[in-house]
Amino acid sequence: MARAKIGDLALAYKLRWRRRRLLVRAVAKRRQLHAVADRTGTIAPGAILCFATMRNEAQRVGHFLDHHRRLGVDHFLIVENDSTDGTRAHLAAQPDVSLWTTAQSYKRARFGMDWLTWLMIRHGHGHWCLTLDADECLVYPYHETRPLPALCDWLEQQGRASFGALMLDMYPKGRLSAQPVPQGGDPFEALCWFDAGNYSMRRKHDLQNLWIQGGPRARMFFAADPRRAPTMGKVPLVKWHWRYAYTSSTHNLLPRHLNHVYDSAGGELTSGVLLHSKFLATVVDRAGEEKHRQEHFANSTLYDAYYDALTADPDLWCARSTRLSGWRQLEALGLMSRGGWV
(Lines give C-alpha, C1' and ligand atoms only; values in the text may rest on other atoms or scores of the structure.)
Protein backbone atom coordinates (compact mmCIF):
# COMPACT_ATOMS: atom_id res chain seq x y z
CA MET A 1 0.00 0.00 0.00
CA ALA A 2 2.81 2.42 0.94
CA ARG A 3 4.65 1.56 -2.29
CA ALA A 4 1.52 2.28 -4.36
CA LYS A 5 1.06 5.62 -2.61
CA ILE A 6 4.66 6.57 -3.29
CA GLY A 7 4.17 5.60 -6.96
CA ASP A 8 1.07 7.79 -7.21
CA LEU A 9 2.90 10.74 -5.69
CA ALA A 10 5.79 10.26 -8.10
CA LEU A 11 3.42 10.16 -11.07
CA ALA A 12 1.63 13.30 -9.90
CA TYR A 13 4.98 15.09 -9.56
CA LYS A 14 6.03 13.93 -13.04
CA LEU A 15 2.78 15.12 -14.60
CA ARG A 16 2.99 18.48 -12.87
CA TRP A 17 6.40 19.08 -14.40
CA ARG A 18 5.18 17.83 -17.77
CA ARG A 19 2.41 20.42 -17.69
CA ARG A 20 4.88 23.17 -16.83
CA ARG A 21 7.12 22.15 -19.72
CA LEU A 22 4.17 22.28 -22.11
CA LEU A 23 3.32 25.79 -20.96
CA VAL A 24 6.93 26.92 -21.40
CA ARG A 25 6.97 25.41 -24.92
CA ALA A 26 3.81 27.31 -25.81
CA VAL A 27 5.21 30.63 -24.61
CA ALA A 28 8.36 30.03 -26.67
CA LYS A 29 6.37 29.10 -29.81
CA ARG A 30 4.38 32.36 -29.68
CA ARG A 31 7.12 33.94 -31.80
CA GLN A 32 6.10 31.71 -34.71
CA LEU A 33 2.67 33.35 -34.89
CA HIS A 34 2.00 36.52 -36.88
CA ALA A 35 -1.29 38.35 -36.44
CA VAL A 36 -3.41 38.78 -39.57
CA ALA A 37 -6.59 40.05 -37.90
CA ASP A 38 -6.49 40.42 -34.12
CA ARG A 39 -10.02 41.22 -32.95
CA THR A 40 -9.58 39.83 -29.44
CA GLY A 41 -10.35 43.27 -28.02
CA THR A 42 -14.00 42.59 -28.83
CA ILE A 43 -14.15 39.45 -26.65
CA ALA A 44 -16.64 40.07 -23.84
CA PRO A 45 -16.47 38.56 -20.35
CA GLY A 46 -18.21 35.20 -20.41
CA ALA A 47 -17.84 34.79 -24.18
CA ILE A 48 -17.54 31.24 -25.46
CA LEU A 49 -14.41 30.86 -27.54
CA CYS A 50 -13.38 28.38 -30.22
CA PHE A 51 -9.72 27.60 -30.99
CA ALA A 52 -8.48 25.78 -34.10
CA THR A 53 -5.49 25.30 -36.39
CA MET A 54 -6.26 25.09 -40.12
CA ARG A 55 -4.43 24.48 -43.38
CA ASN A 56 -6.14 24.48 -46.78
CA GLU A 57 -9.64 24.18 -45.35
CA ALA A 58 -11.55 26.39 -47.80
CA GLN A 59 -13.83 23.41 -48.50
CA ARG A 60 -14.98 23.15 -44.88
CA VAL A 61 -14.36 26.43 -43.15
CA GLY A 62 -17.65 28.13 -44.06
CA HIS A 63 -19.75 25.30 -42.66
CA PHE A 64 -17.44 24.93 -39.64
CA LEU A 65 -17.93 28.57 -38.67
CA ASP A 66 -21.67 28.63 -39.33
CA HIS A 67 -22.34 25.42 -37.39
CA HIS A 68 -20.52 26.59 -34.28
CA ARG A 69 -21.97 30.09 -34.49
CA ARG A 70 -25.41 28.47 -34.33
CA LEU A 71 -24.32 26.55 -31.25
CA GLY A 72 -23.31 29.77 -29.52
CA VAL A 73 -19.59 30.35 -30.10
CA ASP A 74 -18.94 34.08 -29.75
CA HIS A 75 -15.41 34.33 -31.11
CA PHE A 76 -13.00 32.12 -33.05
CA LEU A 77 -9.24 32.23 -32.52
CA ILE A 78 -7.57 30.45 -35.43
CA VAL A 79 -4.02 29.70 -36.51
CA GLU A 80 -3.69 29.36 -40.28
CA ASN A 81 -0.74 27.16 -41.23
CA ASP A 82 0.56 28.24 -44.67
CA SER A 83 -2.60 27.67 -46.71
CA THR A 84 -2.65 28.03 -50.49
CA ASP A 85 -6.39 27.73 -51.21
CA GLY A 86 -7.88 30.97 -49.90
CA THR A 87 -8.49 29.81 -46.32
CA ARG A 88 -6.56 32.77 -44.90
CA ALA A 89 -8.49 35.40 -46.86
CA HIS A 90 -11.84 33.85 -45.94
CA LEU A 91 -11.01 33.77 -42.24
CA ALA A 92 -9.55 37.28 -42.20
CA ALA A 93 -12.82 38.65 -43.57
CA GLN A 94 -14.94 37.22 -40.73
CA PRO A 95 -15.76 39.82 -38.03
CA ASP A 96 -15.91 37.21 -35.25
CA VAL A 97 -12.53 35.62 -36.13
CA SER A 98 -9.10 36.56 -34.80
CA LEU A 99 -6.48 35.10 -37.11
CA TRP A 100 -2.79 34.33 -36.86
CA THR A 101 -0.62 32.74 -39.53
CA THR A 102 2.58 30.69 -39.50
CA ALA A 103 4.60 28.72 -42.02
CA GLN A 104 6.34 26.72 -39.30
CA SER A 105 6.03 22.94 -38.86
CA TYR A 106 2.66 21.77 -37.56
CA LYS A 107 4.24 18.55 -36.31
CA ARG A 108 7.05 20.32 -34.43
CA ALA A 109 4.47 22.53 -32.74
CA ARG A 110 2.90 19.40 -31.22
CA PHE A 111 0.45 19.22 -34.11
CA GLY A 112 -0.58 22.82 -33.54
CA MET A 113 -1.20 22.49 -29.81
CA ASP A 114 1.78 24.69 -28.85
CA TRP A 115 0.31 27.56 -30.88
CA LEU A 116 -3.19 27.10 -29.50
CA THR A 117 -1.94 26.72 -25.93
CA TRP A 118 -0.28 30.12 -26.18
CA LEU A 119 -3.49 31.71 -27.47
CA MET A 120 -5.45 30.04 -24.67
CA ILE A 121 -2.96 31.30 -22.08
CA ARG A 122 -3.32 34.79 -23.52
CA HIS A 123 -7.06 34.91 -24.27
CA GLY A 124 -8.83 31.81 -22.91
CA HIS A 125 -8.42 32.18 -19.15
CA GLY A 126 -11.82 32.19 -17.43
CA HIS A 127 -13.74 31.36 -20.61
CA TRP A 128 -15.38 28.15 -21.76
CA CYS A 129 -13.14 27.16 -24.66
CA LEU A 130 -14.00 24.77 -27.48
CA THR A 131 -10.89 23.38 -29.19
CA LEU A 132 -11.50 21.64 -32.49
CA ASP A 133 -9.99 20.51 -35.76
CA ALA A 134 -11.47 22.03 -38.90
CA ASP A 135 -13.07 18.69 -39.80
CA GLU A 136 -14.97 18.37 -36.48
CA CYS A 137 -18.48 19.62 -35.71
CA LEU A 138 -19.77 19.33 -32.15
CA VAL A 139 -23.24 17.99 -31.43
CA TYR A 140 -24.68 17.22 -28.00
CA PRO A 141 -28.06 16.45 -26.43
CA TYR A 142 -30.63 19.13 -27.30
CA HIS A 143 -28.08 21.07 -29.36
CA GLU A 144 -30.80 22.24 -31.77
CA THR A 145 -32.68 24.05 -28.99
CA ARG A 146 -30.16 24.57 -26.16
CA PRO A 147 -27.09 26.60 -27.11
CA LEU A 148 -23.63 26.26 -25.65
CA PRO A 149 -24.18 28.93 -22.96
CA ALA A 150 -26.98 26.79 -21.53
CA LEU A 151 -24.80 23.67 -21.59
CA CYS A 152 -21.85 25.48 -19.99
CA ASP A 153 -24.04 27.00 -17.27
CA TRP A 154 -25.42 23.55 -16.48
CA LEU A 155 -21.96 22.00 -16.36
CA GLU A 156 -20.84 24.68 -13.91
CA GLN A 157 -23.87 24.02 -11.72
CA GLN A 158 -22.78 20.37 -11.64
CA GLY A 159 -19.26 21.37 -10.60
CA ARG A 160 -17.80 20.25 -13.93
CA ALA A 161 -15.10 22.13 -15.81
CA SER A 162 -14.80 19.83 -18.85
CA PHE A 163 -17.02 18.01 -21.34
CA GLY A 164 -16.20 14.85 -23.29
CA ALA A 165 -17.10 13.81 -26.82
CA LEU A 166 -16.60 10.81 -29.09
CA MET A 167 -15.07 11.66 -32.46
CA LEU A 168 -17.35 9.85 -34.91
CA ASP A 169 -15.96 9.18 -38.39
CA MET A 170 -18.66 9.93 -40.96
CA TYR A 171 -18.43 8.56 -44.49
CA PRO A 172 -20.48 8.24 -47.71
CA LYS A 173 -21.89 5.18 -49.42
CA GLY A 174 -19.67 4.46 -52.40
CA ARG A 175 -16.18 5.54 -53.31
CA LEU A 176 -15.03 8.68 -51.54
CA SER A 177 -14.23 10.66 -54.70
CA ALA A 178 -17.75 10.07 -56.07
CA GLN A 179 -19.41 12.07 -53.26
CA PRO A 180 -18.42 15.73 -53.83
CA VAL A 181 -19.68 18.49 -51.53
CA PRO A 182 -19.81 22.11 -52.75
CA GLN A 183 -17.39 24.49 -51.07
CA GLY A 184 -19.00 25.75 -47.87
CA GLY A 185 -21.76 23.13 -48.05
CA ASP A 186 -22.82 20.79 -45.27
CA PRO A 187 -20.39 17.85 -45.48
CA PHE A 188 -22.77 15.58 -43.60
CA GLU A 189 -25.30 15.60 -46.40
CA ALA A 190 -22.86 13.28 -48.21
CA LEU A 191 -21.05 11.87 -45.17
CA CYS A 192 -24.17 10.53 -43.51
CA TRP A 193 -23.06 7.00 -42.49
CA PHE A 194 -21.09 5.77 -39.47
CA ASP A 195 -20.08 2.64 -37.59
CA ALA A 196 -22.39 2.21 -34.63
CA GLY A 197 -20.98 -0.60 -32.52
CA ASN A 198 -17.37 -1.61 -33.11
CA TYR A 199 -15.70 0.45 -30.37
CA SER A 200 -13.34 -0.64 -27.62
CA MET A 201 -12.51 1.41 -24.56
CA ARG A 202 -9.94 1.36 -21.79
CA ARG A 203 -8.97 3.78 -19.05
CA LYS A 204 -5.38 4.96 -19.12
CA HIS A 205 -3.68 4.87 -15.75
CA ASP A 206 -1.40 7.88 -16.14
CA LEU A 207 -3.76 10.56 -17.47
CA GLN A 208 -6.97 8.80 -16.37
CA ASN A 209 -8.64 9.46 -19.73
CA LEU A 210 -10.65 7.02 -21.83
CA TRP A 211 -8.80 5.53 -24.80
CA ILE A 212 -11.49 4.72 -27.38
CA GLN A 213 -10.78 3.03 -30.70
CA GLY A 214 -12.97 1.76 -33.49
CA GLY A 215 -15.04 3.06 -36.40
CA PRO A 216 -14.30 2.68 -40.11
CA ARG A 217 -10.60 3.50 -39.80
CA ALA A 218 -10.03 0.64 -37.35
CA ARG A 219 -12.21 -1.66 -39.47
CA MET A 220 -10.71 -0.81 -42.86
CA PHE A 221 -7.14 0.34 -42.32
CA PHE A 222 -5.95 -1.12 -39.02
CA ALA A 223 -7.74 -4.47 -38.79
CA ALA A 224 -4.42 -6.34 -38.63
CA ASP A 225 -3.13 -4.15 -35.81
CA PRO A 226 -6.09 -2.41 -34.08
CA ARG A 227 -3.87 -0.93 -31.33
CA ARG A 228 -2.49 1.45 -33.98
CA ALA A 229 -5.93 2.79 -34.91
CA PRO A 230 -6.58 6.44 -34.01
CA THR A 231 -8.12 7.15 -30.63
CA MET A 232 -11.60 8.63 -30.75
CA GLY A 233 -12.18 10.03 -27.25
CA LYS A 234 -11.75 13.79 -26.82
CA VAL A 235 -12.26 16.54 -24.24
CA PRO A 236 -12.99 19.51 -26.54
CA LEU A 237 -14.87 21.85 -24.17
CA VAL A 238 -13.15 23.17 -21.02
CA LYS A 239 -13.61 26.10 -18.62
CA TRP A 240 -10.05 27.26 -19.21
CA HIS A 241 -7.36 28.31 -16.79
CA TRP A 242 -4.02 29.62 -18.02
CA ARG A 243 -2.24 26.79 -16.20
CA TYR A 244 -4.03 24.04 -18.17
CA ALA A 245 -2.46 22.28 -21.16
CA TYR A 246 -3.59 19.69 -23.68
CA THR A 247 -1.08 16.86 -23.91
CA SER A 248 -2.16 15.04 -27.09
CA SER A 249 -4.44 16.95 -29.44
CA THR A 250 -7.65 17.25 -27.38
CA HIS A 251 -7.60 13.58 -26.38
CA ASN A 252 -6.36 14.45 -22.89
CA LEU A 253 -5.05 17.34 -20.84
CA LEU A 254 -3.49 18.34 -17.56
CA PRO A 255 -4.37 18.59 -14.73
CA ARG A 256 -5.71 15.09 -15.27
CA HIS A 257 -8.94 15.58 -13.27
CA LEU A 258 -10.18 17.40 -16.40
CA ASN A 259 -10.11 14.03 -18.19
CA HIS A 260 -12.80 12.67 -15.85
CA VAL A 261 -15.61 13.17 -18.36
CA TYR A 262 -17.08 9.77 -17.53
CA ASP A 263 -18.69 8.25 -14.43
CA SER A 264 -16.29 5.76 -12.87
CA ALA A 265 -19.11 4.39 -10.70
CA GLY A 266 -20.95 3.02 -13.72
CA GLY A 267 -23.43 5.83 -14.32
CA GLU A 268 -23.42 8.34 -17.17
CA LEU A 269 -22.23 11.91 -17.50
CA THR A 270 -23.52 14.24 -20.16
CA SER A 271 -21.38 13.93 -23.29
CA GLY A 272 -21.41 14.79 -26.97
CA VAL A 273 -20.14 13.68 -30.37
CA LEU A 274 -17.72 15.32 -32.78
CA LEU A 275 -19.00 14.57 -36.27
CA HIS A 276 -15.78 14.01 -38.23
CA SER A 277 -15.74 15.01 -41.90
CA LYS A 278 -12.29 13.66 -42.74
CA PHE A 279 -13.64 11.49 -45.56
CA LEU A 280 -14.74 14.21 -47.96
CA ALA A 281 -14.02 13.49 -51.62
CA THR A 282 -10.94 15.73 -51.36
CA VAL A 283 -9.25 13.30 -48.93
CA VAL A 284 -8.25 11.07 -51.86
CA ASP A 285 -5.99 13.75 -53.34
CA ARG A 286 -4.88 15.12 -49.97
CA ALA A 287 -3.73 11.70 -48.73
CA GLY A 288 -0.80 11.70 -51.14
CA GLU A 289 0.17 15.22 -50.12
CA GLU A 290 -0.02 14.40 -46.40
CA LYS A 291 2.05 11.25 -46.90
CA HIS A 292 4.74 13.38 -48.51
CA ARG A 293 4.58 16.15 -45.86
CA GLN A 294 4.60 13.70 -42.91
CA GLU A 295 3.12 16.33 -40.60
CA HIS A 296 0.20 14.44 -39.07
CA PHE A 297 1.60 11.47 -37.13
CA ALA A 298 4.44 11.19 -34.63
CA ASN A 299 5.83 8.17 -36.54
CA SER A 300 4.56 9.11 -39.97
CA THR A 301 6.25 6.33 -41.95
CA LEU A 302 4.27 3.76 -39.93
CA TYR A 303 1.13 5.17 -41.55
CA ASP A 304 2.25 5.00 -45.18
CA ALA A 305 -0.09 2.07 -45.84
CA TYR A 306 -2.98 4.11 -44.40
CA TYR A 307 -2.31 6.98 -46.80
CA ASP A 308 -1.91 4.54 -49.70
CA ALA A 309 -5.29 3.00 -48.87
CA LEU A 310 -6.93 6.43 -48.93
CA THR A 311 -5.28 7.28 -52.24
CA ALA A 312 -6.88 4.11 -53.66
CA ASP A 313 -10.29 5.80 -53.18
CA PRO A 314 -12.00 3.17 -50.98
CA ASP A 315 -15.66 2.57 -50.23
CA LEU A 316 -15.96 2.57 -46.42
CA TRP A 317 -19.62 1.57 -46.42
CA CYS A 318 -20.59 -1.96 -45.34
CA ALA A 319 -23.78 -3.84 -44.53
CA ARG A 320 -23.45 -2.85 -40.85
CA SER A 321 -23.15 0.88 -41.58
CA THR A 322 -25.74 3.12 -39.90
CA ARG A 323 -27.28 6.26 -41.39
CA LEU A 324 -27.27 9.31 -39.12
CA SER A 325 -30.70 10.58 -38.10
CA GLY A 326 -29.96 12.82 -35.11
CA TRP A 327 -28.56 13.11 -31.62
CA ARG A 328 -31.31 10.95 -30.06
CA GLN A 329 -30.19 8.09 -32.28
CA LEU A 330 -26.59 8.62 -31.15
CA GLU A 331 -27.72 8.54 -27.53
CA ALA A 332 -29.78 5.37 -28.06
CA LEU A 333 -26.66 3.72 -29.50
CA GLY A 334 -24.62 4.73 -26.45
CA LEU A 335 -22.36 7.12 -28.37
CA MET A 336 -23.42 10.18 -26.35
CA SER A 337 -25.44 10.72 -23.19
CA ARG A 338 -27.82 13.23 -21.67
CA GLY A 339 -26.65 12.18 -18.22
CA GLY A 340 -28.67 14.28 -15.81
CA TRP A 341 -29.33 17.07 -18.33
CA VAL A 342 -33.02 16.60 -19.05
# chains A, B, ... in the order shown; residues from 1 in each chain; ligands from 1

call {"tool": "residues_around", "arguments": {"residues": "range 27-34 of chain A", "least_positions_apart": "4", "cutoff": "8 Å", "atoms": "only C-alpha atoms", "output": "list in words"}}
result
Leu23, Val79, Trp100, Thr101, Thr102, Gln104, Ala109, Asp114, Trp115 and Trp118 of chain A

call {"tool": "residues_around", "arguments": {"residues": "Leu316 in chain A", "least_positions_apart": "4", "cutoff": "12 Å", "atoms": "only C-alpha atoms", "output": "PyMOL selection string"}}
result
chain A and resi 169-177+191-195+215-221+279-280+309-310+312+320-322

call {"tool": "select_by_dssp", "arguments": {"residues": "range 65-310 of chain A", "states": "strand (DSSP E or B)", "output": "PyMOL selection string"}}
result
chain A and resi 75-80+97-101+128-131+136-139+162-169+171+193-194+200-203+210-213+231+233-239+245-248+252-254+271-276

call {"tool": "atom_distance", "arguments": {"atom1": "CA of Val181 in chain A", "atom2": "CA of Cys318 in chain A"}}
result
21.4 Å

call {"tool": "closest_residue", "arguments": {"among": "A:Leu148, A:Val283, A:Val342, A:Ala245", "to": "Trp17 in chain A", "atoms": "only C-alpha atoms"}}
result
A:Ala245

call {"tool": "residues_around", "arguments": {"residues": "Pro236 in chain A", "least_positions_apart": "2", "cutoff": "9 Å", "atoms": "only C-alpha atoms", "output": "ChimeraX atom specification"}}
result
/A:129-132,138,162-165,234,238,250-251,274

call {"tool": "atom_distance", "arguments": {"atom1": "CA of Arg203 in chain A", "atom2": "CA of Tyr246 in chain A"}}
result
17.4 Å

call {"tool": "residues_around", "arguments": {"residues": "Gly7 in chain A", "least_positions_apart": "6", "cutoff": "12 Å", "atoms": "only C-alpha atoms", "output": "MDAnalysis selection string"}}
result
chainID A and resid 1 13:14 205:206

call {"tool": "decode", "arguments": {"residues": "range 120-135 of chain A", "atoms": "N, CA and C atoms", "output": "short mmCIF file (atom, residue, chain, number, x, y, z; two decimals), in the first residue's frame"}}
result
data_model
loop_
_atom_site.label_atom_id
_atom_site.label_comp_id
_atom_site.auth_asym_id
_atom_site.auth_seq_id
_atom_site.Cartn_x
_atom_site.Cartn_y
_atom_site.Cartn_z
N MET A 120 -4.55 30.29 -25.80
CA MET A 120 -5.45 30.04 -24.67
C MET A 120 -4.89 30.64 -23.38
N ILE A 121 -3.57 30.60 -23.21
CA ILE A 121 -2.96 31.30 -22.08
C ILE A 121 -3.31 32.79 -22.15
N ARG A 122 -3.16 33.35 -23.34
CA ARG A 122 -3.32 34.79 -23.52
C ARG A 122 -4.78 35.24 -23.50
N HIS A 123 -5.69 34.44 -24.07
CA HIS A 123 -7.06 34.91 -24.27
C HIS A 123 -8.14 34.00 -23.68
N GLY A 124 -7.80 32.76 -23.31
CA GLY A 124 -8.83 31.81 -22.91
C GLY A 124 -9.14 31.77 -21.43
N HIS A 125 -8.26 32.31 -20.60
CA HIS A 125 -8.42 32.18 -19.15
C HIS A 125 -9.79 32.68 -18.70
N GLY A 126 -10.51 31.83 -17.96
CA GLY A 126 -11.82 32.19 -17.43
C GLY A 126 -12.98 31.98 -18.38
N HIS A 127 -12.69 31.59 -19.62
CA HIS A 127 -13.74 31.36 -20.61
C HIS A 127 -13.96 29.86 -20.82
N TRP A 128 -15.17 29.49 -21.21
CA TRP A 128 -15.38 28.15 -21.76
C TRP A 128 -14.79 28.15 -23.17
N CYS A 129 -13.88 27.21 -23.40
CA CYS A 129 -13.14 27.16 -24.66
C CYS A 129 -13.40 25.84 -25.37
N LEU A 130 -13.77 25.94 -26.63
CA LEU A 130 -14.00 24.77 -27.48
C LEU A 130 -12.82 24.67 -28.43
N THR A 131 -12.07 23.56 -28.35
CA THR A 131 -10.89 23.38 -29.19
C THR A 131 -11.15 22.25 -30.16
N LEU A 132 -11.07 22.56 -31.45
CA LEU A 132 -11.50 21.64 -32.49
C LEU A 132 -10.50 21.60 -33.64
N ASP A 133 -10.59 20.53 -34.43
CA ASP A 133 -9.99 20.51 -35.76
C ASP A 133 -11.03 21.03 -36.75
N ALA A 134 -10.56 21.47 -37.91
CA ALA A 134 -11.47 22.03 -38.90
C ALA A 134 -12.48 21.02 -39.42
N ASP A 135 -12.17 19.73 -39.30
CA ASP A 135 -13.07 18.69 -39.80
C ASP A 135 -13.96 18.11 -38.70
#
